>>> print(open('start.pdb').read())   # PDB, C-alpha atoms and all ligand atoms
ATOM      1  CA  MET A   1     185.005  -1.536 -51.511  1.00  0.00           C
ATOM      2  CA  SER A   2     182.352  -4.255 -51.455  1.00  0.00           C
ATOM      3  CA  LYS A   3     178.817  -3.053 -50.796  1.00  0.00           C
ATOM      4  CA  LYS A   4     176.929  -4.847 -48.016  1.00  0.00           C
ATOM      5  CA  ILE A   5     173.584  -6.047 -49.336  1.00  0.00           C
ATOM      6  CA  ILE A   6     170.729  -5.627 -46.896  1.00  0.00           C
ATOM      7  CA  LEU A   7     168.412  -8.548 -47.513  1.00  0.00           C
ATOM      8  CA  PRO A   8     164.786  -7.482 -47.646  1.00  0.00           C
ATOM      9  CA  LYS A   9     162.204  -9.001 -45.327  1.00  0.00           C
ATOM     10  CA  LYS A  10     160.194  -9.969 -48.430  1.00  0.00           C
ATOM     11  CA  PHE A  11     162.753 -11.639 -50.687  1.00  0.00           C
ATOM     12  CA  TRP A  12     160.588 -11.298 -53.809  1.00  0.00           C
ATOM     13  CA  GLU A  13     161.045  -7.506 -53.648  1.00  0.00           C
ATOM     14  CA  ALA A  14     164.752  -8.039 -54.447  1.00  0.00           C
ATOM     15  CA  LEU A  15     163.668 -10.063 -57.495  1.00  0.00           C
ATOM     16  CA  ASN A  16     161.263  -7.315 -58.591  1.00  0.00           C
ATOM     17  CA  ILE A  17     158.278  -9.623 -58.170  1.00  0.00           C
ATOM     18  CA  THR A  18     155.160  -8.012 -56.743  1.00  0.00           C
ATOM     19  CA  GLU A  19     153.232  -9.488 -53.838  1.00  0.00           C
ATOM     20  CA  GLU A  20     150.237 -10.037 -56.154  1.00  0.00           C
ATOM     21  CA  GLU A  21     152.429 -12.036 -58.563  1.00  0.00           C
ATOM     22  CA  MET A  22     153.862 -14.053 -55.677  1.00  0.00           C
ATOM     23  CA  LYS A  23     150.396 -14.905 -54.405  1.00  0.00           C
ATOM     24  CA  LYS A  24     149.576 -16.469 -57.780  1.00  0.00           C
ATOM     25  CA  LYS A  25     152.573 -18.822 -57.588  1.00  0.00           C
ATOM     26  CA  SER A  26     152.338 -22.369 -56.301  1.00  0.00           C
ATOM     27  CA  ARG A  27     154.196 -23.237 -53.106  1.00  0.00           C
ATOM     28  CA  THR A  28     156.584 -25.380 -55.152  1.00  0.00           C
ATOM     29  CA  GLU A  29     157.455 -22.375 -57.316  1.00  0.00           C
ATOM     30  CA  ILE A  30     157.966 -20.227 -54.226  1.00  0.00           C
ATOM     31  CA  PHE A  31     160.219 -22.871 -52.618  1.00  0.00           C
ATOM     32  CA  SER A  32     162.386 -22.983 -55.757  1.00  0.00           C
ATOM     33  CA  LEU A  33     162.680 -19.188 -55.849  1.00  0.00           C
ATOM     34  CA  LEU A  34     163.466 -19.097 -52.143  1.00  0.00           C
ATOM     35  CA  LYS A  35     166.175 -21.749 -52.486  1.00  0.00           C
ATOM     36  CA  GLN A  36     167.689 -19.946 -55.456  1.00  0.00           C
ATOM     37  CA  PHE A  37     167.630 -16.661 -53.553  1.00  0.00           C
ATOM     38  CA  GLY A  38     169.302 -18.350 -50.582  1.00  0.00           C
ATOM     39  CA  GLU A  39     172.072 -19.752 -52.781  1.00  0.00           C
ATOM     40  CA  GLU A  40     172.684 -16.392 -54.415  1.00  0.00           C
ATOM     41  CA  HIS A  41     172.880 -14.639 -51.042  1.00  0.00           C
ATOM     42  CA  THR A  42     174.710 -17.367 -49.089  1.00  0.00           C
ATOM     43  CA  ILE A  43     171.814 -18.009 -46.731  1.00  0.00           C
ATOM     44  CA  PRO A  44     172.673 -21.377 -45.123  1.00  0.00           C
ATOM     45  CA  ASN A  45     169.470 -23.185 -46.107  1.00  0.00           C
ATOM     46  CA  ILE A  46     169.242 -26.944 -46.062  1.00  0.00           C
ATOM     47  CA  SER A  47     170.428 -28.618 -49.292  1.00  0.00           C
ATOM     48  CA  TRP A  48     168.066 -30.225 -51.814  1.00  0.00           C
ATOM     49  CA  ILE A  49     169.235 -33.593 -50.459  1.00  0.00           C
ATOM     50  CA  GLY A  50     168.137 -32.392 -47.031  1.00  0.00           C
ATOM     51  CA  VAL A  51     164.769 -31.494 -48.524  1.00  0.00           C
ATOM     52  CA  SER A  52     164.551 -35.024 -49.972  1.00  0.00           C
ATOM     53  CA  VAL A  53     165.366 -36.528 -46.574  1.00  0.00           C
ATOM     54  CA  LEU A  54     162.551 -34.493 -45.011  1.00  0.00           C
ATOM     55  CA  HIS A  55     160.210 -35.546 -47.827  1.00  0.00           C
ATOM     56  CA  PHE A  56     161.133 -39.170 -47.158  1.00  0.00           C
ATOM     57  CA  LEU A  57     161.055 -39.225 -43.353  1.00  0.00           C
ATOM     58  CA  LEU A  58     158.105 -36.985 -42.568  1.00  0.00           C
ATOM     59  CA  PRO A  59     155.434 -38.943 -44.505  1.00  0.00           C
ATOM     60  CA  LEU A  60     156.781 -42.183 -43.000  1.00  0.00           C
ATOM     61  CA  LYS A  61     156.582 -40.870 -39.460  1.00  0.00           C
ATOM     62  CA  LYS A  62     153.611 -38.506 -39.890  1.00  0.00           C
ATOM     63  CA  PRO A  63     154.609 -36.410 -36.859  1.00  0.00           C
ATOM     64  CA  LYS A  64     151.859 -34.289 -35.359  1.00  0.00           C
ATOM     65  CA  LYS A  65     154.315 -32.000 -33.596  1.00  0.00           C
ATOM     66  CA  VAL A  66     157.626 -30.961 -35.129  1.00  0.00           C
ATOM     67  CA  LEU A  67     160.302 -28.735 -33.601  1.00  0.00           C
ATOM     68  CA  GLU A  68     162.935 -26.989 -35.697  1.00  0.00           C
ATOM     69  CA  MET A  69     165.946 -25.366 -34.051  1.00  0.00           C
ATOM     70  CA  GLY A  70     167.127 -22.533 -36.317  1.00  0.00           C
ATOM     71  CA  CYS A  71     164.856 -21.403 -39.145  1.00  0.00           C
ATOM     72  CA  ALA A  72     166.923 -18.607 -40.782  1.00  0.00           C
ATOM     73  CA  ASN A  73     164.634 -17.232 -43.530  1.00  0.00           C
ATOM     74  CA  GLY A  74     162.264 -20.184 -43.177  1.00  0.00           C
ATOM     75  CA  PHE A  75     163.112 -22.278 -46.234  1.00  0.00           C
ATOM     76  CA  SER A  76     163.235 -25.580 -44.339  1.00  0.00           C
ATOM     77  CA  SER A  77     160.345 -24.434 -42.105  1.00  0.00           C
ATOM     78  CA  CYS A  78     158.127 -23.969 -45.167  1.00  0.00           C
ATOM     79  CA  ILE A  79     159.177 -27.367 -46.575  1.00  0.00           C
ATOM     80  CA  ILE A  80     158.354 -29.069 -43.256  1.00  0.00           C
ATOM     81  CA  ALA A  81     155.084 -27.204 -42.664  1.00  0.00           C
ATOM     82  CA  ASN A  82     153.902 -27.862 -46.222  1.00  0.00           C
ATOM     83  CA  THR A  83     154.566 -31.609 -45.814  1.00  0.00           C
ATOM     84  CA  ILE A  84     153.047 -32.115 -42.363  1.00  0.00           C
ATOM     85  CA  GLU A  85     150.009 -29.952 -43.148  1.00  0.00           C
ATOM     86  CA  LYS A  86     148.563 -32.979 -45.028  1.00  0.00           C
ATOM     87  CA  TRP A  87     147.917 -34.883 -41.762  1.00  0.00           C
ATOM     88  CA  GLY A  88     147.275 -31.887 -39.513  1.00  0.00           C
ATOM     89  CA  GLY A  89     150.825 -31.570 -38.193  1.00  0.00           C
ATOM     90  CA  SER A  90     152.222 -28.343 -36.776  1.00  0.00           C
ATOM     91  CA  LEU A  91     155.711 -26.861 -36.587  1.00  0.00           C
ATOM     92  CA  LEU A  92     157.300 -24.847 -33.800  1.00  0.00           C
ATOM     93  CA  THR A  93     160.469 -23.074 -34.884  1.00  0.00           C
ATOM     94  CA  GLY A  94     162.654 -20.139 -33.943  1.00  0.00           C
ATOM     95  CA  ASP A  95     165.767 -18.127 -34.493  1.00  0.00           C
ATOM     96  CA  VAL A  96     168.011 -15.710 -32.601  1.00  0.00           C
ATOM     97  CA  SER A  97     168.142 -13.340 -35.548  1.00  0.00           C
ATOM     98  CA  GLU A  98     165.170 -11.009 -35.698  1.00  0.00           C
ATOM     99  CA  PRO A  99     165.603 -10.047 -39.397  1.00  0.00           C
ATOM    100  CA  SER A 100     165.826 -13.756 -40.307  1.00  0.00           C
ATOM    101  CA  LEU A 101     162.740 -14.526 -38.278  1.00  0.00           C
ATOM    102  CA  ASP A 102     160.801 -11.646 -39.853  1.00  0.00           C
ATOM    103  CA  SER A 103     161.728 -12.916 -43.273  1.00  0.00           C
ATOM    104  CA  ALA A 104     160.744 -16.484 -42.292  1.00  0.00           C
ATOM    105  CA  LYS A 105     157.337 -15.198 -41.143  1.00  0.00           C
ATOM    106  CA  ALA A 106     156.867 -13.306 -44.424  1.00  0.00           C
ATOM    107  CA  ASN A 107     157.802 -16.437 -46.390  1.00  0.00           C
ATOM    108  CA  ALA A 108     155.366 -18.615 -44.442  1.00  0.00           C
ATOM    109  CA  GLU A 109     152.670 -16.015 -45.009  1.00  0.00           C
ATOM    110  CA  ILE A 110     153.215 -15.759 -48.772  1.00  0.00           C
ATOM    111  CA  CYS A 111     152.969 -19.586 -48.898  1.00  0.00           C
ATOM    112  CA  ASN A 112     149.773 -19.371 -46.837  1.00  0.00           C
ATOM    113  CA  LEU A 113     151.183 -21.818 -44.288  1.00  0.00           C
ATOM    114  CA  GLN A 114     149.210 -21.486 -41.080  1.00  0.00           C
ATOM    115  CA  ASN A 115     150.652 -24.397 -39.135  1.00  0.00           C
ATOM    116  CA  ILE A 116     153.902 -22.712 -38.034  1.00  0.00           C
ATOM    117  CA  GLU A 117     154.589 -20.971 -34.739  1.00  0.00           C
ATOM    118  CA  PHE A 118     157.713 -18.779 -34.656  1.00  0.00           C
ATOM    119  CA  ARG A 119     159.624 -17.841 -31.522  1.00  0.00           C
ATOM    120  CA  PHE A 120     162.315 -15.202 -31.358  1.00  0.00           C
ATOM    121  CA  GLY A 121     165.435 -15.856 -29.276  1.00  0.00           C
ATOM    122  CA  ASP A 122     167.773 -18.624 -28.175  1.00  0.00           C
ATOM    123  CA  ILE A 123     165.875 -21.853 -28.737  1.00  0.00           C
ATOM    124  CA  LEU A 124     167.338 -23.220 -25.479  1.00  0.00           C
ATOM    125  CA  GLN A 125     165.376 -20.468 -23.696  1.00  0.00           C
ATOM    126  CA  THR A 126     162.284 -20.026 -25.840  1.00  0.00           C
ATOM    127  CA  ILE A 127     161.249 -23.688 -25.906  1.00  0.00           C
ATOM    128  CA  THR A 128     160.311 -25.414 -22.676  1.00  0.00           C
ATOM    129  CA  VAL A 129     159.234 -28.891 -21.648  1.00  0.00           C
ATOM    130  CA  GLN A 130     155.669 -27.541 -21.613  1.00  0.00           C
ATOM    131  CA  ASP A 131     155.887 -27.428 -25.428  1.00  0.00           C
ATOM    132  CA  ALA A 132     156.912 -31.098 -25.595  1.00  0.00           C
ATOM    133  CA  PRO A 133     156.679 -33.879 -26.581  1.00  0.00           C
ATOM    134  CA  PHE A 134     157.738 -33.552 -30.224  1.00  0.00           C
ATOM    135  CA  ASP A 135     157.626 -36.485 -32.647  1.00  0.00           C
ATOM    136  CA  PHE A 136     160.292 -35.036 -34.917  1.00  0.00           C
ATOM    137  CA  ILE A 137     163.061 -32.542 -34.099  1.00  0.00           C
ATOM    138  CA  PHE A 138     165.266 -30.944 -36.731  1.00  0.00           C
ATOM    139  CA  ILE A 139     168.504 -29.407 -35.380  1.00  0.00           C
ATOM    140  CA  ASP A 140     170.029 -26.763 -37.645  1.00  0.00           C
ATOM    141  CA  ALA A 141     171.202 -23.863 -35.455  1.00  0.00           C
ATOM    142  CA  GLN A 142     174.627 -22.718 -34.208  1.00  0.00           C
ATOM    143  CA  LYS A 143     176.905 -25.614 -35.141  1.00  0.00           C
ATOM    144  CA  SER A 144     179.262 -25.398 -32.153  1.00  0.00           C
ATOM    145  CA  TRP A 145     176.251 -25.793 -29.843  1.00  0.00           C
ATOM    146  CA  THR A 146     174.811 -28.822 -31.607  1.00  0.00           C
ATOM    147  CA  HIS A 147     175.619 -31.098 -28.653  1.00  0.00           C
ATOM    148  CA  LYS A 148     173.622 -28.753 -26.371  1.00  0.00           C
ATOM    149  CA  PHE A 149     170.691 -28.705 -28.803  1.00  0.00           C
ATOM    150  CA  PHE A 150     170.853 -32.499 -29.050  1.00  0.00           C
ATOM    151  CA  MET A 151     170.822 -32.945 -25.258  1.00  0.00           C
ATOM    152  CA  PHE A 152     167.893 -30.538 -25.036  1.00  0.00           C
ATOM    153  CA  ALA A 153     166.100 -32.314 -27.901  1.00  0.00           C
ATOM    154  CA  GLU A 154     166.391 -35.583 -26.005  1.00  0.00           C
ATOM    155  CA  THR A 155     164.315 -34.106 -23.162  1.00  0.00           C
ATOM    156  CA  LEU A 156     161.658 -32.903 -25.612  1.00  0.00           C
ATOM    157  CA  LEU A 157     161.388 -35.985 -27.825  1.00  0.00           C
ATOM    158  CA  SER A 158     158.468 -38.415 -27.721  1.00  0.00           C
ATOM    159  CA  GLU A 159     159.329 -42.027 -26.905  1.00  0.00           C
ATOM    160  CA  ASP A 160     159.641 -43.136 -30.552  1.00  0.00           C
ATOM    161  CA  GLY A 161     160.467 -39.724 -31.992  1.00  0.00           C
ATOM    162  CA  ILE A 162     163.144 -38.855 -34.545  1.00  0.00           C
ATOM    163  CA  ILE A 163     165.969 -36.317 -34.310  1.00  0.00           C
ATOM    164  CA  MET A 164     167.521 -35.109 -37.553  1.00  0.00           C
ATOM    165  CA  VAL A 165     170.797 -33.159 -37.447  1.00  0.00           C
ATOM    166  CA  ASP A 166     172.123 -31.194 -40.409  1.00  0.00           C
ATOM    167  CA  ASP A 167     175.761 -30.417 -41.298  1.00  0.00           C
ATOM    168  CA  THR A 168     177.397 -33.099 -39.181  1.00  0.00           C
ATOM    169  CA  LYS A 169     180.547 -33.265 -41.318  1.00  0.00           C
ATOM    170  CA  LYS A 170     180.681 -29.818 -42.856  1.00  0.00           C
ATOM    171  CA  PHE A 171     182.172 -28.124 -39.788  1.00  0.00           C
ATOM    172  CA  PRO A 172     184.452 -30.728 -38.144  1.00  0.00           C
ATOM    173  CA  ASP A 173     185.837 -28.384 -35.477  1.00  0.00           C
ATOM    174  CA  LYS A 174     182.497 -26.901 -34.526  1.00  0.00           C
ATOM    175  CA  MET A 175     180.834 -30.329 -34.496  1.00  0.00           C
ATOM    176  CA  LYS A 176     183.541 -32.064 -32.449  1.00  0.00           C
ATOM    177  CA  SER A 177     181.661 -31.796 -29.156  1.00  0.00           C
ATOM    178  CA  PHE A 178     178.545 -33.203 -30.838  1.00  0.00           C
ATOM    179  CA  HIS A 179     180.419 -36.253 -32.160  1.00  0.00           C
ATOM    180  CA  ASN A 180     182.046 -36.761 -28.750  1.00  0.00           C
ATOM    181  CA  HIS A 181     178.613 -36.619 -27.160  1.00  0.00           C
ATOM    182  CA  ILE A 182     177.216 -39.182 -29.607  1.00  0.00           C
ATOM    183  CA  GLU A 183     180.165 -41.461 -28.949  1.00  0.00           C
ATOM    184  CA  ARG A 184     179.419 -41.321 -25.194  1.00  0.00           C
ATOM    185  CA  GLU A 185     175.704 -41.908 -25.796  1.00  0.00           C
ATOM    186  CA  LYS A 186     175.962 -44.609 -28.443  1.00  0.00           C
ATOM    187  CA  GLU A 187     174.226 -47.209 -26.254  1.00  0.00           C
ATOM    188  CA  LYS A 188     171.153 -45.023 -26.218  1.00  0.00           C
ATOM    189  CA  TRP A 189     170.673 -44.254 -29.909  1.00  0.00           C
ATOM    190  CA  SER A 190     170.386 -45.915 -33.284  1.00  0.00           C
ATOM    191  CA  TRP A 191     171.242 -43.706 -36.216  1.00  0.00           C
ATOM    192  CA  PHE A 192     172.117 -43.532 -39.841  1.00  0.00           C
ATOM    193  CA  THR A 193     174.019 -40.935 -41.831  1.00  0.00           C
ATOM    194  CA  ILE A 194     173.327 -39.734 -45.339  1.00  0.00           C
ATOM    195  CA  PRO A 195     176.914 -39.291 -46.463  1.00  0.00           C
ATOM    196  CA  GLU A 196     176.106 -38.261 -50.022  1.00  0.00           C
ATOM    197  CA  SER A 197     174.672 -34.996 -48.816  1.00  0.00           C
ATOM    198  CA  ASP A 198     177.301 -32.248 -48.767  1.00  0.00           C
ATOM    199  CA  ASP A 199     176.633 -31.860 -45.080  1.00  0.00           C
ATOM    200  CA  ALA A 200     176.114 -35.479 -43.897  1.00  0.00           C
ATOM    201  CA  ILE A 201     172.704 -35.437 -42.273  1.00  0.00           C
ATOM    202  CA  MET A 202     172.321 -37.774 -39.267  1.00  0.00           C
ATOM    203  CA  VAL A 203     168.986 -39.269 -38.208  1.00  0.00           C
ATOM    204  CA  PHE A 204     168.508 -40.658 -34.676  1.00  0.00           C
ATOM    205  CA  VAL A 205     165.942 -42.826 -32.910  1.00  0.00           C
ATOM    206  CA  ARG A 206     166.136 -44.132 -29.341  1.00  0.00           C
ATOM    207  CA  LYS A 207     167.206 -47.743 -28.915  1.00  0.00           C
ATOM    208  CA  LYS A 208     164.478 -49.851 -27.325  1.00  0.00           C
ATOM    209  CA  GLN A 209     165.417 -50.728 -23.741  1.00  0.00           C
ATOM    210  CA  GLN A 210     165.575 -54.544 -23.172  1.00  0.00           C
TER     211      GLN A 210
HETATM  212  C1  LIG B   1     171.803 -23.073 -40.823  1.00  0.00           C
HETATM  213  S1  LIG B   1     170.766 -21.743 -40.439  1.00  0.00           S
HETATM  214  C2  LIG B   1     169.162 -22.460 -40.490  1.00  0.00           C
HETATM  215  C3  LIG B   1     168.721 -22.773 -41.884  1.00  0.00           C
HETATM  216  C4  LIG B   1     167.299 -23.263 -41.991  1.00  0.00           C
HETATM  217  N1  LIG B   1     167.058 -24.399 -41.128  1.00  0.00           N
HETATM  218  C5  LIG B   1     167.005 -23.676 -43.414  1.00  0.00           C
HETATM  219  O1  LIG B   1     167.442 -24.780 -43.792  1.00  0.00           O
HETATM  220  O2  LIG B   1     166.368 -22.907 -44.130  1.00  0.00           O
HETATM  221  C6  LIG B   1     171.035 -21.594 -38.722  1.00  0.00           C
HETATM  222  C7  LIG B   1     170.170 -20.546 -38.031  1.00  0.00           C
HETATM  223  O3  LIG B   1     170.196 -20.830 -36.631  1.00  0.00           O
HETATM  224  C8  LIG B   1     170.107 -19.617 -35.935  1.00  0.00           C
HETATM  225  N2  LIG B   1     170.568 -19.871 -34.556  1.00  0.00           N
HETATM  226  C9  LIG B   1     171.841 -20.034 -34.122  1.00  0.00           C
HETATM  227  N3  LIG B   1     171.848 -20.279 -32.802  1.00  0.00           N
HETATM  228  C10 LIG B   1     170.549 -20.293 -32.399  1.00  0.00           C
HETATM  229  C11 LIG B   1     169.911 -20.470 -31.133  1.00  0.00           C
HETATM  230  N4  LIG B   1     170.616 -20.717 -30.021  1.00  0.00           N
HETATM  231  N5  LIG B   1     168.567 -20.396 -31.078  1.00  0.00           N
HETATM  232  C12 LIG B   1     167.842 -20.143 -32.201  1.00  0.00           C
HETATM  233  N6  LIG B   1     168.396 -19.955 -33.424  1.00  0.00           N
HETATM  234  C13 LIG B   1     169.738 -20.023 -33.518  1.00  0.00           C
HETATM  235  C14 LIG B   1     170.947 -18.649 -36.753  1.00  0.00           C
HETATM  236  O4  LIG B   1     170.582 -17.316 -36.507  1.00  0.00           O
HETATM  237  C15 LIG B   1     170.666 -19.115 -38.185  1.00  0.00           C
HETATM  238  O5  LIG B   1     169.653 -18.328 -38.785  1.00  0.00           O
END
>>> encode(input="start.pdb", output="structure tokens")
Amino acid sequence: MSKKIILPKKFWEALNITEEEMKKKSRTEIFSLLKQFGEEHTIPNISWIGVSVLHFLLPLKKPKKVLEMGCANGFSSCIIANTIEKWGGSLLTGDVSEPSLDSAKANAEICNLQNIEFRFGDILQTITVQDAPFDFIFIDAQKSWTHKFFMFAETLLSEDGIIMVDDTKKFPDKMKSFHNHIEREKEKWSWFTIPESDDAIMVFVRKKQQ
């Protein structure tokens, strides 16, 4: 019988690394450990290509306010917050899973990232238009609801903001409604896809109205 592993809130405890040792590590070292831990425990963190896309887009756009939909254990949240910290940007993120959110908070804390706000619950309920506008929105939550998250993101996005969607090809059935939505809305958006990533990330900006 397979034993269910309960993932600890502080992932370094499972690696027998003390908190003191973790605090001496650079953020880059912590990100690598976190990614490795995620791969070993099938936590659905963004791929390294996804990380590269964030590292490419965020410094170009320099968003002051970023929204992430679905943080899991906070790997991508830490990558985003670490990047946007350089120009005073802040991240609002959340998750429906309390253990995931607790672990994300612990990971942000060990990285000493102070520019993240976490909200617990369905992102469609916990974020409101009062939180908007966001200059950059990263959608990476329940795949079958991606079209709903995208429609919501549209109402929260600044005029020239960017929406980035992960896993657009990985789950064809679950993402069908999203692709149908995009097809209906294609007059509104310009986008490109990064097909080399295992998950085909899509990046959207609004078309300028003539
Ligand atoms: C793919 S994982 C996120 C991975 C994370 N972005 C990363 O790369 O490290 C998707 C997460 O979205 C969360 N989720 C699913 N539906 C959600 C919703 N409606 N609101 C908030 N979080 C949601 C799940 O609990 C899960 O932890």
>>> residues_near_ligand(input="start.pdb", ligand="ligand LIG 1 (chain B)", cutoff="10 Å", atoms="only C-alpha atoms and all ligand atoms", output="PyMOL selection string")
chain A and resi 34-35+38+43-48+50-51+68-79+93-101+104+119-127+138-146+148-149+166-167
>>> closest_residue(input="start.pdb", among="A:Phe204, A:Phe171, A:Trp12, A:Trp191", to="Glu154 of chain A", atoms="only C-alpha atoms")
A:Phe204
>>> axis_aligned_box(input="start.pdb", around="segment 78-91 of chain A", padding_each_side="6 Å", output="lines of an AutoDock Vina configuration file")
center_x = 153.2
center_y = -29.4
center_z = -41.6
size_x = 23.9
size_y = 22.9
size_z = 22.0
>>> closest_residue(input="start.pdb", among="A:Met22, A:Leu58, A:Val205, A:Leu67", to="Asn107 of chain A", atoms="only C-alpha atoms")
A:Met22
>>> atom_distance(input="start.pdb", atom1="atom CA of His41 of chain A", atom2="atom CA of Phe150 of chain A")
28.4 Å
>>> residues_around(input="start.pdb", residues="Met202 of chain A", least_positions_apart="2", cutoff="7 Å", atoms="all atoms listed in the file", output="PyMOL selection string")
chain A and resi 164-166+168+191-194+200+204
>>> atom_distance(input="start.pdb", atom1="atom CA of Asp173 of chain A", atom2="atom CA of Leu92 of chain A")
28.8 Å
>>> resolve_selection(input="start.pdb", expression="the PyMOL selection byres (((chain A and resi 136) around 10) and not hetatm)", output="ChimeraX atom specification")
/A:57-58,61-68,91,133-135,137-139,153,156-158,160-164,204-205
>>> write_last_selection(input="start.pdb", atoms="C-alpha atoms", output="PDB file, in the frame of the given file")
ATOM      1  CA  LEU A  57     161.055 -39.225 -43.353  1.00  0.00           C
ATOM      2  CA  LEU A  58     158.105 -36.985 -42.568  1.00  0.00           C
ATOM      3  CA  LYS A  61     156.582 -40.870 -39.460  1.00  0.00           C
ATOM      4  CA  LYS A  62     153.611 -38.506 -39.890  1.00  0.00           C
ATOM      5  CA  PRO A  63     154.609 -36.410 -36.859  1.00  0.00           C
ATOM      6  CA  LYS A  64     151.859 -34.289 -35.359  1.00  0.00           C
ATOM      7  CA  LYS A  65     154.315 -32.000 -33.596  1.00  0.00           C
ATOM      8  CA  VAL A  66     157.626 -30.961 -35.129  1.00  0.00           C
ATOM      9  CA  LEU A  67     160.302 -28.735 -33.601  1.00  0.00           C
ATOM     10  CA  GLU A  68     162.935 -26.989 -35.697  1.00  0.00           C
ATOM     11  CA  LEU A  91     155.711 -26.861 -36.587  1.00  0.00           C
ATOM     12  CA  PRO A 133     156.679 -33.879 -26.581  1.00  0.00           C
ATOM     13  CA  PHE A 134     157.738 -33.552 -30.224  1.00  0.00           C
ATOM     14  CA  ASP A 135     157.626 -36.485 -32.647  1.00  0.00           C
ATOM     15  CA  ILE A 137     163.061 -32.542 -34.099  1.00  0.00           C
ATOM     16  CA  PHE A 138     165.266 -30.944 -36.731  1.00  0.00           C
ATOM     17  CA  ILE A 139     168.504 -29.407 -35.380  1.00  0.00           C
ATOM     18  CA  ALA A 153     166.100 -32.314 -27.901  1.00  0.00           C
ATOM     19  CA  LEU A 156     161.658 -32.903 -25.612  1.00  0.00           C
ATOM     20  CA  LEU A 157     161.388 -35.985 -27.825  1.00  0.00           C
ATOM     21  CA  SER A 158     158.468 -38.415 -27.721  1.00  0.00           C
ATOM     22  CA  ASP A 160     159.641 -43.136 -30.552  1.00  0.00           C
ATOM     23  CA  GLY A 161     160.467 -39.724 -31.992  1.00  0.00           C
ATOM     24  CA  ILE A 162     163.144 -38.855 -34.545  1.00  0.00           C
ATOM     25  CA  ILE A 163     165.969 -36.317 -34.310  1.00  0.00           C
ATOM     26  CA  MET A 164     167.521 -35.109 -37.553  1.00  0.00           C
ATOM     27  CA  PHE A 204     168.508 -40.658 -34.676  1.00  0.00           C
ATOM     28  CA  VAL A 205     165.942 -42.826 -32.910  1.00  0.00           C
TER      29      VAL A 205
END
>>> closest_residue(input="start.pdb", among="A:Ile201, A:Ser26, A:Gln209, A:Glu85", to="Ser52 of chain A", atoms="all atoms listed in the file")
A:Ile201
>>> decode(input="start.pdb", residues="segment 178-203 of chain A", atoms="C-alpha atoms", output="mmCIF file, in the first residue's frame")
data_model
loop_
_atom_site.group_PDB
_atom_site.id
_atom_site.type_symbol
_atom_site.label_atom_id
_atom_site.label_comp_id
_atom_site.auth_asym_id
_atom_site.auth_seq_id
_atom_site.Cartn_x
_atom_site.Cartn_y
_atom_site.Cartn_z
ATOM 1 C CA PHE A 178 -10.772 28.925 -22.785
ATOM 2 C CA HIS A 179 -9.751 28.413 -26.427
ATOM 3 C CA ASN A 180 -13.377 28.826 -27.527
ATOM 4 C CA HIS A 181 -13.539 32.060 -25.564
ATOM 5 C CA ILE A 182 -10.337 33.360 -27.166
ATOM 6 C CA GLU A 183 -11.658 32.469 -30.598
ATOM 7 C CA ARG A 184 -14.808 34.538 -29.908
ATOM 8 C CA GLU A 185 -12.746 37.430 -28.534
ATOM 9 C CA LYS A 186 -9.968 37.441 -31.113
ATOM 10 C CA GLU A 187 -10.839 40.948 -32.342
ATOM 11 C CA LYS A 188 -10.085 42.267 -28.889
ATOM 12 C CA TRP A 189 -6.686 40.727 -28.168
ATOM 13 C CA SER A 190 -3.221 40.350 -29.613
ATOM 14 C CA TRP A 191 -1.271 37.401 -28.306
ATOM 15 C CA PHE A 192 1.658 35.136 -28.787
ATOM 16 C CA THR A 193 2.285 31.586 -27.637
ATOM 17 C CA ILE A 194 5.525 30.077 -26.428
ATOM 18 C CA PRO A 195 5.103 26.635 -27.945
ATOM 19 C CA GLU A 196 8.462 25.277 -26.825
ATOM 20 C CA SER A 197 7.341 25.298 -23.232
ATOM 21 C CA ASP A 198 5.815 21.963 -22.225
ATOM 22 C CA ASP A 199 2.653 23.822 -21.365
ATOM 23 C CA ALA A 200 2.410 26.469 -24.140
ATOM 24 C CA ILE A 201 2.226 29.747 -22.273
ATOM 25 C CA MET A 202 0.051 32.426 -23.929
ATOM 26 C CA VAL A 203 0.620 36.156 -23.446
#
